[in-house]
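Novice: Sending over input_2.tsv (TSV, C-alpha atoms and all ligand atoms).
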chain	number	residue	atom	x	y	z
A	1	MET	CA	-67.95	-22.27	-40.60
A	2	ASN	CA	-68.67	-23.66	-37.15
A	3	THR	CA	-65.64	-24.77	-35.18
A	4	PRO	CA	-66.09	-26.85	-32.03
A	5	PHE	CA	-65.66	-25.25	-28.61
A	6	SER	CA	-63.12	-27.99	-27.81
A	7	TYR	CA	-61.08	-30.33	-30.04
A	8	LEU	CA	-60.88	-32.98	-27.29
A	9	SER	CA	-60.97	-36.39	-28.99
A	10	HIS	CA	-60.05	-39.15	-26.54
A	11	LEU	CA	-57.93	-40.16	-23.56
A	12	GLU	CA	-54.76	-42.16	-23.85
A	13	CYS	CA	-52.76	-44.13	-21.28
A	14	SER	CA	-49.42	-42.40	-20.73
A	15	HIS	CA	-47.73	-45.80	-20.47
A	16	CYS	CA	-49.36	-48.47	-22.70
A	17	GLY	CA	-51.10	-46.15	-25.16
A	18	GLN	CA	-54.53	-47.76	-24.71
A	19	THR	CA	-57.24	-45.27	-25.64
A	20	TYR	CA	-60.35	-44.46	-23.60
A	21	ASP	CA	-63.62	-42.66	-24.26
A	22	ALA	CA	-63.32	-39.05	-23.09
A	23	HIS	CA	-67.09	-38.64	-22.95
A	24	GLN	CA	-67.41	-40.89	-19.95
A	25	VAL	CA	-65.99	-40.32	-16.49
A	26	GLN	CA	-62.51	-41.87	-16.41
A	27	THR	CA	-59.83	-42.04	-13.77
A	28	PHE	CA	-56.51	-43.74	-14.69
A	29	CYS	CA	-55.45	-46.69	-16.84
A	30	PRO	CA	-56.74	-49.81	-15.07
A	31	ILE	CA	-54.18	-51.98	-16.91
A	32	CYS	CA	-51.02	-50.08	-15.91
A	33	GLN	CA	-52.24	-47.99	-12.96
A	34	THR	CA	-50.80	-44.90	-14.65
A	35	PRO	CA	-52.29	-41.52	-15.64
A	36	LEU	CA	-54.49	-40.94	-18.67
A	37	LEU	CA	-53.69	-37.98	-20.88
A	38	ALA	CA	-56.26	-35.94	-22.81
A	39	ASP	CA	-55.70	-35.90	-26.55
A	40	TYR	CA	-57.19	-33.66	-29.23
A	41	ASP	CA	-57.90	-33.63	-32.95
A	42	TRP	CA	-54.66	-31.90	-33.85
A	43	THR	CA	-55.24	-31.93	-37.59
A	44	ALA	CA	-58.50	-30.03	-37.28
A	45	ALA	CA	-57.09	-27.76	-34.59
A	46	ALA	CA	-54.06	-26.88	-36.72
A	47	ALA	CA	-56.32	-26.22	-39.71
A	48	HIS	CA	-58.72	-23.88	-37.92
A	49	LEU	CA	-56.76	-22.17	-35.15
A	50	LYS	CA	-54.08	-19.51	-35.33
A	51	ARG	CA	-51.64	-18.96	-32.51
A	52	ASP	CA	-52.10	-15.21	-32.58
A	53	GLN	CA	-55.88	-15.26	-32.21
A	54	PHE	CA	-55.83	-16.06	-28.49
A	55	GLN	CA	-54.24	-12.84	-27.32
A	56	ALA	CA	-57.24	-10.69	-28.22
A	57	ARG	CA	-59.68	-12.79	-26.19
A	58	ARG	CA	-60.92	-12.05	-22.69
A	59	LYS	CA	-58.12	-12.81	-20.20
A	60	GLY	CA	-57.93	-16.09	-18.30
A	61	MET	CA	-56.96	-19.68	-19.00
A	62	TRP	CA	-60.26	-20.48	-20.72
A	63	ARG	CA	-59.30	-18.34	-23.70
A	64	TRP	CA	-57.51	-21.55	-24.80
A	65	HIS	CA	-60.82	-23.45	-24.71
A	66	GLU	CA	-60.36	-25.23	-28.04
A	67	LEU	CA	-57.35	-26.98	-26.51
A	68	LEU	CA	-59.06	-27.68	-23.18
A	69	PRO	CA	-61.46	-30.52	-22.36
A	70	VAL	CA	-64.81	-28.76	-21.83
A	71	GLY	CA	-67.21	-29.13	-24.74
A	72	ASP	CA	-69.81	-26.51	-23.81
A	73	GLU	CA	-68.99	-23.07	-22.50
A	74	ALA	CA	-71.94	-23.24	-20.09
A	75	HIS	CA	-70.14	-25.88	-18.06
A	76	ILE	CA	-67.05	-23.81	-17.31
A	77	VAL	CA	-66.54	-23.15	-13.60
A	78	THR	CA	-64.25	-20.14	-13.33
A	79	LEU	CA	-63.05	-17.75	-10.66
A	80	GLY	CA	-60.77	-15.82	-13.03
A	81	GLU	CA	-57.76	-18.17	-13.04
A	82	GLY	CA	-54.84	-17.88	-15.44
A	83	ASP	CA	-53.01	-15.10	-17.27
A	84	THR	CA	-50.72	-14.45	-14.35
A	85	PRO	CA	-47.90	-11.95	-14.90
A	86	ILE	CA	-44.40	-12.85	-16.03
A	87	LEU	CA	-42.08	-10.43	-14.23
A	88	THR	CA	-38.46	-9.56	-14.96
A	89	LEU	CA	-36.30	-10.06	-11.85
A	90	ALA	CA	-33.61	-7.48	-12.53
A	91	ARG	CA	-32.49	-6.87	-8.95
A	92	LEU	CA	-32.42	-10.53	-7.94
A	93	GLY	CA	-30.74	-11.34	-11.26
A	94	ASP	CA	-28.03	-8.78	-10.49
A	95	GLU	CA	-27.46	-10.29	-7.07
A	96	LEU	CA	-27.18	-13.79	-8.52
A	97	GLY	CA	-25.30	-12.87	-11.69
A	98	LEU	CA	-28.10	-13.79	-14.11
A	99	GLN	CA	-28.92	-11.35	-16.88
A	100	ARG	CA	-32.29	-12.68	-17.99
A	101	LEU	CA	-34.22	-13.94	-15.00
A	102	TYR	CA	-38.04	-14.08	-14.97
A	103	LEU	CA	-40.77	-15.21	-12.63
A	104	LYS	CA	-44.30	-16.26	-13.52
A	105	ASP	CA	-46.33	-15.32	-10.48
A	106	GLU	CA	-48.99	-17.97	-10.01
A	107	SER	CA	-49.82	-16.59	-6.56
A	108	LEU	CA	-52.23	-14.19	-8.29
A	109	ASN	CA	-54.60	-17.04	-9.06
A	110	PRO	CA	-57.87	-17.52	-7.13
A	111	THR	CA	-57.09	-19.29	-3.81
A	112	GLY	CA	-53.53	-17.93	-4.06
A	113	THR	CA	-51.89	-20.81	-5.93
A	114	PHE	CA	-51.69	-22.38	-9.39
A	115	LYS	CA	-53.83	-25.28	-8.09
A	116	ALA	CA	-56.76	-23.12	-9.23
A	117	ARG	CA	-56.02	-23.87	-12.88
A	118	GLY	CA	-56.14	-27.62	-12.48
A	119	LEU	CA	-59.24	-27.64	-10.35
A	120	SER	CA	-61.10	-25.19	-12.55
A	121	ALA	CA	-60.56	-27.63	-15.43
A	122	ALA	CA	-61.32	-30.79	-13.44
A	123	VAL	CA	-64.46	-29.43	-11.76
A	124	SER	CA	-65.74	-27.99	-15.04
A	125	ARG	CA	-65.33	-31.26	-16.87
A	126	ALA	CA	-66.77	-33.23	-13.95
A	127	ARG	CA	-69.84	-31.00	-14.02
A	128	GLU	CA	-70.13	-31.50	-17.76
A	129	LEU	CA	-70.03	-35.28	-17.33
A	130	GLY	CA	-72.65	-35.18	-14.57
A	131	VAL	CA	-70.46	-36.03	-11.58
A	132	GLN	CA	-72.47	-35.61	-8.36
A	133	ARG	CA	-69.75	-35.58	-5.73
A	134	LEU	CA	-65.99	-34.92	-5.55
A	135	THR	CA	-63.24	-35.99	-3.18
A	136	ILE	CA	-59.54	-35.16	-2.93
A	137	PRO	CA	-56.50	-36.02	-0.84
A	138	THR	CA	-54.23	-32.99	-0.58
A	139	ALA	CA	-51.05	-31.61	0.92
A	140	GLY	CA	-53.05	-28.39	1.30
A	141	ASN	CA	-53.58	-26.02	-1.62
A	142	ALA	CA	-55.34	-28.45	-3.94
A	143	GLY	CA	-57.94	-29.03	-1.22
A	144	GLY	CA	-58.61	-25.32	-0.91
A	145	ALA	CA	-58.91	-24.98	-4.68
A	146	LEU	CA	-61.24	-27.98	-5.02
A	147	ALA	CA	-63.42	-26.63	-2.20
A	148	ALA	CA	-63.69	-23.25	-3.95
A	149	TYR	CA	-64.53	-24.57	-7.42
A	150	ALA	CA	-66.88	-27.23	-6.08
A	151	ALA	CA	-68.75	-24.54	-4.13
A	152	ARG	CA	-69.00	-22.44	-7.29
A	153	ALA	CA	-70.31	-25.45	-9.22
A	154	GLY	CA	-72.73	-26.46	-6.45
A	155	ILE	CA	-71.15	-29.92	-6.18
A	156	PRO	CA	-70.47	-31.37	-2.68
A	157	ALA	CA	-66.79	-32.02	-1.97
A	158	GLN	CA	-64.75	-33.93	0.58
A	159	VAL	CA	-61.18	-32.94	1.40
A	160	PHE	CA	-58.68	-35.21	3.17
A	161	MET	CA	-55.55	-33.47	4.41
A	162	PRO	CA	-52.78	-34.03	6.97
A	163	ALA	CA	-53.67	-32.58	10.39
A	164	ASP	CA	-50.55	-30.38	10.28
A	165	THR	CA	-51.49	-28.76	6.94
A	166	PRO	CA	-51.21	-24.92	7.06
A	167	LEU	CA	-54.23	-23.42	8.79
A	168	ALA	CA	-55.16	-21.34	5.74
A	169	ASN	CA	-55.79	-24.54	3.76
A	170	ILE	CA	-58.02	-26.00	6.43
A	171	GLU	CA	-60.02	-22.78	6.82
A	172	GLU	CA	-60.41	-22.02	3.10
A	173	SER	CA	-61.73	-25.54	2.59
A	174	ARG	CA	-64.17	-25.33	5.49
A	175	ILE	CA	-65.54	-21.87	4.74
A	176	THR	CA	-66.41	-22.86	1.17
A	177	GLY	CA	-68.43	-25.75	2.54
A	178	ALA	CA	-66.27	-28.80	1.86
A	179	GLU	CA	-66.35	-31.68	4.31
A	180	VAL	CA	-62.82	-31.59	5.74
A	181	THR	CA	-61.20	-34.64	7.33
A	182	LEU	CA	-57.87	-34.09	9.07
A	183	VAL	CA	-55.64	-37.14	8.85
A	184	GLU	CA	-52.80	-38.15	11.15
A	185	GLY	CA	-50.10	-38.78	8.57
A	186	LEU	CA	-49.19	-37.62	5.09
A	187	ILE	CA	-50.96	-37.06	1.76
A	188	SER	CA	-50.37	-40.75	1.05
A	189	ASP	CA	-52.51	-41.64	4.09
A	190	ALA	CA	-55.13	-39.07	3.03
A	191	ALA	CA	-55.15	-40.73	-0.41
A	192	ARG	CA	-56.29	-44.06	1.02
A	193	LEU	CA	-59.20	-42.39	2.80
A	194	SER	CA	-60.18	-40.45	-0.30
A	195	VAL	CA	-60.25	-43.64	-2.39
A	196	GLU	CA	-62.36	-45.28	0.29
A	197	ALA	CA	-64.79	-42.34	0.35
A	198	ALA	CA	-65.09	-42.52	-3.44
A	199	ARG	CA	-65.88	-46.21	-3.21
A	200	GLN	CA	-68.52	-45.69	-0.56
A	201	ASN	CA	-70.41	-42.69	-1.91
A	202	GLY	CA	-69.62	-42.73	-5.62
A	203	ALA	CA	-67.59	-39.51	-5.54
A	204	LEU	CA	-64.99	-38.84	-8.22
A	205	ASP	CA	-61.49	-38.79	-6.70
A	206	VAL	CA	-59.64	-35.86	-8.30
A	207	SER	CA	-56.30	-36.78	-6.74
A	208	THR	CA	-53.19	-35.57	-8.63
A	209	PHE	CA	-52.81	-37.54	-11.90
A	210	LYS	CA	-55.70	-39.89	-10.99
A	211	GLU	CA	-58.11	-38.12	-13.31
A	212	PRO	CA	-57.07	-36.60	-16.64
A	213	TYR	CA	-58.29	-33.00	-16.51
A	214	ARG	CA	-56.41	-31.21	-13.73
A	215	MET	CA	-53.37	-31.63	-15.97
A	216	GLU	CA	-55.21	-29.84	-18.78
A	217	GLY	CA	-55.79	-26.78	-16.62
A	218	LYS	CA	-52.18	-26.72	-15.54
A	219	LYS	CA	-50.85	-27.00	-19.07
A	220	THR	CA	-52.20	-23.50	-19.81
A	221	MET	CA	-49.14	-22.22	-17.93
A	222	GLY	CA	-47.12	-23.60	-20.84
A	223	TYR	CA	-49.29	-21.85	-23.44
A	224	GLU	CA	-49.05	-18.56	-21.59
A	225	ILE	CA	-45.26	-18.88	-21.32
A	226	ALA	CA	-44.89	-19.59	-25.05
A	227	GLU	CA	-47.12	-16.67	-25.98
A	228	ALA	CA	-45.37	-14.26	-23.59
A	229	PHE	CA	-41.95	-15.20	-25.00
A	230	ASP	CA	-43.21	-14.68	-28.57
A	231	TRP	CA	-43.33	-18.45	-29.21
A	232	ARG	CA	-39.60	-18.83	-28.62
A	233	LEU	CA	-39.29	-20.69	-25.33
A	234	PRO	CA	-36.86	-19.74	-22.54
A	235	ASP	CA	-33.71	-21.82	-21.98
A	236	VAL	CA	-34.58	-23.10	-18.53
A	237	ILE	CA	-37.79	-23.45	-16.50
A	238	VAL	CA	-37.51	-24.04	-12.76
A	239	TYR	CA	-40.47	-25.67	-11.00
A	240	PRO	CA	-41.05	-26.85	-7.40
A	241	ALA	CA	-42.21	-30.45	-7.83
A	242	GLY	CA	-44.42	-32.23	-5.32
A	243	GLY	CA	-46.84	-34.34	-7.33
A	244	GLY	CA	-44.95	-32.93	-10.31
A	245	MET	CA	-48.09	-32.38	-12.32
A	246	GLY	CA	-47.35	-28.79	-13.28
A	247	LEU	CA	-43.95	-29.78	-14.64
A	248	ALA	CA	-45.34	-32.60	-16.77
A	249	ALA	CA	-48.27	-30.40	-17.84
A	250	ILE	CA	-46.06	-27.55	-19.06
A	251	TRP	CA	-44.03	-30.10	-21.00
A	252	LYS	CA	-47.23	-31.53	-22.51
A	253	ALA	CA	-48.22	-28.01	-23.59
A	254	PHE	CA	-44.91	-27.47	-25.35
A	255	GLY	CA	-45.32	-30.79	-27.20
A	256	GLU	CA	-48.79	-29.71	-28.32
A	257	LEU	CA	-47.60	-26.31	-29.50
A	258	ARG	CA	-44.81	-27.94	-31.44
A	259	ARG	CA	-47.31	-30.31	-33.02
A	260	LEU	CA	-49.47	-27.34	-34.02
A	261	GLY	CA	-46.41	-25.77	-35.61
A	262	TRP	CA	-46.74	-22.68	-33.41
A	263	LEU	CA	-43.25	-22.60	-31.89
A	264	GLU	CA	-40.45	-20.59	-33.43
A	265	GLY	CA	-37.56	-22.97	-33.96
A	266	ASP	CA	-37.38	-26.29	-32.16
A	267	HIS	CA	-35.66	-25.06	-29.04
A	268	LEU	CA	-37.26	-26.51	-25.89
A	269	PRO	CA	-36.38	-25.48	-22.31
A	270	ARG	CA	-34.42	-27.64	-19.89
A	271	MET	CA	-36.92	-28.44	-17.16
A	272	VAL	CA	-35.73	-28.36	-13.54
A	273	ALA	CA	-37.63	-30.06	-10.71
A	274	VAL	CA	-36.86	-28.62	-7.28
A	275	GLN	CA	-37.70	-30.68	-4.20
A	276	ALA	CA	-37.21	-30.37	-0.44
A	277	ALA	CA	-34.25	-32.21	1.09
A	278	GLY	CA	-36.71	-33.83	3.54
A	279	CYS	CA	-38.80	-35.28	0.70
A	280	ALA	CA	-36.92	-35.77	-2.56
A	281	PRO	CA	-38.10	-38.96	-4.30
A	282	VAL	CA	-37.77	-37.44	-7.78
A	283	VAL	CA	-34.19	-36.34	-7.09
A	284	ALA	CA	-33.28	-39.82	-5.82
A	285	ALA	CA	-34.78	-41.46	-8.91
A	286	PHE	CA	-33.25	-38.93	-11.27
A	287	GLU	CA	-29.79	-39.52	-9.88
A	288	LYS	CA	-30.17	-43.24	-10.62
A	289	ARG	CA	-31.68	-42.50	-14.04
A	290	ALA	CA	-34.64	-44.59	-12.86
A	291	GLU	CA	-38.02	-44.64	-14.64
A	292	THR	CA	-40.11	-44.44	-11.47
A	293	CYS	CA	-39.71	-43.19	-7.90
A	294	GLU	CA	-39.49	-45.09	-4.67
A	295	PHE	CA	-41.70	-44.12	-1.73
A	296	TRP	CA	-39.84	-41.55	0.41
A	297	GLN	CA	-39.89	-42.51	4.09
A	298	ASN	CA	-40.49	-39.94	6.86
A	299	ALA	CA	-41.19	-37.08	4.49
A	300	HIS	CA	-40.86	-33.70	6.18
A	301	THR	CA	-40.67	-30.08	4.99
A	302	GLN	CA	-42.45	-26.81	5.75
A	303	ALA	CA	-43.14	-26.52	2.01
A	304	SER	CA	-46.31	-28.56	2.36
A	305	GLY	CA	-46.87	-28.69	-1.41
A	306	LEU	CA	-43.60	-30.59	-1.74
A	307	ARG	CA	-44.44	-33.12	0.95
A	308	VAL	CA	-45.42	-35.88	-1.49
A	309	PRO	CA	-43.58	-39.18	-0.79
A	310	LYS	CA	-44.48	-40.70	-4.16
A	311	SER	CA	-46.33	-39.22	-7.09
A	312	PHE	CA	-48.80	-41.26	-9.13
A	313	GLY	CA	-47.29	-39.54	-12.18
A	314	ASP	CA	-43.65	-40.23	-11.30
A	315	ARG	CA	-42.90	-41.72	-14.72
A	316	LEU	CA	-44.14	-38.60	-16.51
A	317	ILE	CA	-42.10	-36.29	-14.29
A	318	LEU	CA	-38.90	-38.26	-14.87
A	319	GLN	CA	-39.58	-38.49	-18.62
A	320	THR	CA	-39.92	-34.71	-18.72
A	321	LEU	CA	-36.55	-34.28	-17.02
A	322	TYR	CA	-34.77	-36.79	-19.27
A	323	GLU	CA	-36.35	-35.62	-22.54
A	324	SER	CA	-35.68	-31.96	-21.81
A	325	ASN	CA	-32.12	-32.56	-20.70
A	326	GLY	CA	-33.16	-31.11	-17.36
A	327	LEU	CA	-32.33	-31.83	-13.76
A	328	ALA	CA	-33.79	-32.59	-10.34
A	329	LEU	CA	-32.26	-31.15	-7.19
A	330	ALA	CA	-33.15	-30.71	-3.54
A	331	VAL	CA	-32.81	-27.73	-1.21
A	332	SER	CA	-33.11	-27.59	2.56
A	333	ASP	CA	-35.91	-25.78	4.40
A	334	GLU	CA	-33.32	-23.35	5.72
A	335	GLU	CA	-32.19	-22.49	2.19
A	336	MET	CA	-35.84	-21.98	1.21
A	337	MET	CA	-36.36	-19.52	4.07
A	338	ARG	CA	-33.28	-17.52	3.13
A	339	ALA	CA	-34.33	-17.52	-0.52
A	340	GLN	CA	-37.85	-16.41	0.44
A	341	GLN	CA	-36.35	-13.37	2.18
A	342	GLN	CA	-33.99	-12.66	-0.70
A	343	LEU	CA	-36.81	-12.71	-3.26
A	344	ALA	CA	-39.04	-10.53	-1.08
A	345	ARG	CA	-36.25	-8.05	-0.33
A	346	CYS	CA	-35.08	-7.74	-3.95
A	347	GLU	CA	-38.38	-7.87	-5.80
A	348	GLY	CA	-41.25	-7.34	-3.37
A	349	ILE	CA	-42.60	-10.83	-3.97
A	350	PHE	CA	-43.66	-12.80	-0.88
A	351	ALA	CA	-43.53	-16.30	-2.32
A	352	ALA	CA	-44.70	-19.57	-0.82
A	353	PRO	CA	-41.81	-21.71	0.46
A	354	GLU	CA	-42.29	-23.90	-2.63
A	355	GLY	CA	-41.79	-20.91	-4.94
A	356	ALA	CA	-38.83	-19.74	-2.87
A	357	ALA	CA	-37.26	-23.18	-3.26
A	358	ASN	CA	-36.65	-22.28	-6.91
A	359	VAL	CA	-34.56	-19.30	-5.91
A	360	ALA	CA	-32.59	-21.50	-3.51
A	361	ALA	CA	-32.05	-23.97	-6.36
A	362	LEU	CA	-30.67	-21.18	-8.56
A	363	HIS	CA	-27.77	-20.73	-6.15
A	364	HIS	CA	-26.80	-24.37	-6.73
A	365	LEU	CA	-27.29	-24.25	-10.49
A	366	ILE	CA	-25.10	-21.17	-10.80
A	367	GLU	CA	-22.40	-22.54	-8.53
A	368	SER	CA	-22.17	-25.77	-10.53
A	369	ASN	CA	-22.13	-23.83	-13.82
A	370	TRP	CA	-25.21	-25.68	-15.00
A	371	LEU	CA	-26.65	-22.24	-15.81
A	372	ALA	CA	-24.86	-19.65	-17.91
A	373	ALA	CA	-25.20	-15.97	-16.95
A	374	ASP	CA	-26.94	-15.00	-20.20
A	375	GLU	CA	-29.49	-17.83	-20.35
A	376	GLN	CA	-33.19	-17.03	-20.13
A	377	VAL	CA	-34.37	-18.57	-16.88
A	378	LEU	CA	-38.02	-18.66	-15.83
A	379	LEU	CA	-39.06	-19.47	-12.25
A	380	LEU	CA	-42.59	-20.51	-11.36
A	381	ASN	CA	-43.82	-19.01	-8.12
A	382	THR	CA	-46.59	-21.50	-7.47
A	383	GLY	CA	-48.24	-19.76	-4.50
A	384	THR	CA	-48.38	-16.87	-2.07
A	385	GLY	CA	-46.42	-16.80	1.18
A	386	LEU	CA	-49.51	-15.36	2.88
A	387	LYS	CA	-51.08	-18.84	3.07
A	388	TYR	CA	-48.26	-20.12	5.31
A	389	LEU	CA	-48.42	-17.62	8.17
A	390	ARG	CA	-48.92	-19.15	11.59
A	401	LIG	C1	-49.08	-28.36	-5.03
A	401	LIG	C2	-48.04	-27.33	-4.96
A	401	LIG	C3	-46.79	-27.52	-5.54
A	401	LIG	C4	-46.41	-28.80	-6.22
A	401	LIG	O1	-47.12	-28.88	-7.42
A	401	LIG	P1	-47.13	-30.23	-8.27
A	401	LIG	O2	-47.64	-29.81	-9.59
A	401	LIG	O3	-48.03	-31.18	-7.55
A	401	LIG	O4	-45.74	-30.71	-8.31
A	401	LIG	C5	-45.88	-26.48	-5.49
A	401	LIG	N1	-46.18	-25.32	-4.87
A	401	LIG	C6	-47.38	-25.09	-4.29
A	401	LIG	C7	-47.62	-23.78	-3.63
A	401	LIG	C8	-48.34	-26.09	-4.31
A	401	LIG	O5	-49.53	-25.86	-3.76
A	402	ZN	ZN	-52.08	-48.36	-19.70
Just dump the structure as structure tokens.
Specialist:
Amino acid sequence: MNTPFSYLSHLECSHCGQTYDAHQVQTFCPICQTPLLADYDWTAAAAHLKRDQFQARRKGMWRWHELLPVGDEAHIVTLGEGDTPILTLARLGDELGLQRLYLKDESLNPTGTFKARGLSAAVSRARELGVQRLTIPTAGNAGGALAAYAARAGIPAQVFMPADTPLANIEESRITGAEVTLVEGLISDAARLSVEAARQNGALDVSTFKEPYRMEGKKTMGYEIAEAFDWRLPDVIVYPAGGGMGLAAIWKAFGELRRLGWLEGDHLPRMVAVQAAGCAPVVAAFEKRAETCEFWQNAHTQASGLRVPKSFGDRLILQTLYESNGLALAVSDEEMMRAQQQLARCEGIFAAPEGAANVAALHHLIESNWLAADEQVLLLNTGTGLKYLR
């Protein structure tokens, strides 16, 4: 029997539930100005797929293609993203007093960060739908990833990034042929220019949460985590949230796996969003139990990926934290630097400041007894420290 390459069925507004045709280029819900989520034919998927069949396939995030949005294998634009290792942190765990500490090392992705997953999915689907031009506002790493995948797809790309973005991001975008515009200001200022460029030249703006498919690439982190933990999810997942898309995407993946009946038990992790003290809109909203974030004024942090004053997907991030009984907390740049050294010294992992922020957050979570010593705790290292050298 022939099964489809993808079970993608439609797009749905994450707020009002309005559905949209997934076979046309879509951005976000025009009624609510909120993200669209990709949805699948779960009945057919559950009938034809088995959770244990994926392991034997060729490595990489596209081995989950039935649950991803590309309809024809020929349209996939890949550089080998996904299937990053999950490492046991025994020495760091000992130092912190945690018995079961793990790290999923996303720095092994193409372009050195997990942004590769999202942009592999978005560029692939854009190519499938005949998009001729792409544009993105970025705090840094998403621009580099878009530039790489757009080059591989042969689609012209524009990248708008703050002038003080790490040099590696500027250079990786330029060398792969993207048109780079340095902006005086923050990602929010870059976003206005990207929207304007899209209006003028018909490019698709693949800004975080403003098109539905980057999220689909990022959700494969959730599938890989479930599979690696034998379909019994860890107790806590710690994630450095800027736009917060990875956090919401992992949560989406867990919901999908539960719907497919593939999870053992109904235990879901508590999701933790870590932000920088100099830019912590999610933490501020979480502490007020608010549904959305307020724009963070004068955002500053060396962890450029966390320098996002307001996410377009703020509602989804906060929902994830509330539903999972999780938490948002902020750490200072100084704490990040110390944690970066601690992780490197104990485990040989040179993490990006964003990834190191998770280790800094652990100190707080242990001190406040929010974490018990025997809980399974998984940290996401979202990128490599090598991209931040000056
Ligand atoms: C973009 C980025 C983040 C933040 O990711 P979101 O999913 O947008 O919250 C964290 N770390 C690194 C290295 C990044 O590039
Ligand atoms: Zn809507």
Novice: Just checking: using only C-alpha atoms and all ligand atoms, which residue out of A:Ala139, A:Met271, A:Val77, A:Ala344 ends up closest to ligand LIG 401 (chain A)?
Specialist: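 For ligand LIG 401 (chain A), the nearest of the given residues is A:Ala139.
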Novice: Just the residues within 6 Å of A:Val377, please, counting all atoms listed in the file, with nothing from its chain fewer than 3 positions along; format it as a ChimeraX atom specification.
Specialist: /A:101,236-237
Novice: Between A:Met61, A:Leu49, A:Leu306, A:Leu316, single out the one closest to A:Met245, counting all atoms listed in the file.
Specialist: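 The closest residue to A:Met245 is A:Leu316.
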Novice: Neighbours of ligand ZN 402 (chain A) at 7 Å or closer, counting all atoms listed in the file: which residues, as a PyMOL selection string?
Specialist: chain A and resi 13-18+29-34
Novice: For C-alpha atoms, I'd like the residues from the last selection saved as a compact mmCIF listing (two decimals), keeping the file's coordinate frame.
Specialist:
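Final output, saved to part_26.txt:
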# COMPACT_ATOMS: atom_id res chain seq x y z
CA CYS A 13 -52.76 -44.13 -21.28
CA SER A 14 -49.42 -42.40 -20.73
CA HIS A 15 -47.73 -45.80 -20.47
CA CYS A 16 -49.36 -48.47 -22.70
CA GLY A 17 -51.10 -46.15 -25.16
CA GLN A 18 -54.53 -47.76 -24.71
CA CYS A 29 -55.45 -46.69 -16.84
CA PRO A 30 -56.74 -49.81 -15.07
CA ILE A 31 -54.18 -51.98 -16.91
CA CYS A 32 -51.02 -50.08 -15.91
CA GLN A 33 -52.24 -47.99 -12.96
CA THR A 34 -50.80 -44.90 -14.65
Novice: Centre and edge lengths of an axis-aligned box around all listed atoms of ligand LIG 401 (chain A), with 5 Å added on each side, are to be given in Å to one decimal, as AutoDock Vina command-line options.
Specialist:
--center_x -47.6 --center_y -27.5 --center_z -6.6 --size_x 13.8 --size_y 17.4 --size_z 16.0
Novice: For a cut-off of 9 Å around (-33.5, -23.5, -20.4), file coordinates, pick out all residues using only C-alpha atoms and list them as a VMD selection string.
Specialist: chain A and resid 233 to 238 268 to 272 324 326 371 375 to 378
Novice: Which residues, written as JSON, numbers by chain, have at least one atom at most 12 Å from A:Tyr322, with only C-alpha atoms counted and residues fewer than 4 positions away on the same chain left out?
Specialist: {"A": [248, 251, 269, 270, 271, 272, 273, 282, 285, 286, 287, 288, 289, 290, 291, 315, 316, 317, 318, 326, 327, 328]}
Novice: With all atoms listed in the file as the atoms that count, which of A:Ala198, A:Leu103, A:Ala46, A:Ala168 lies nearest to A:Thr27?
Specialist: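 Checking each of A:Ala198, A:Leu103, A:Ala46, A:Ala168 against A:Thr27, counting all atoms listed in the file, the winner is A:Ala198.
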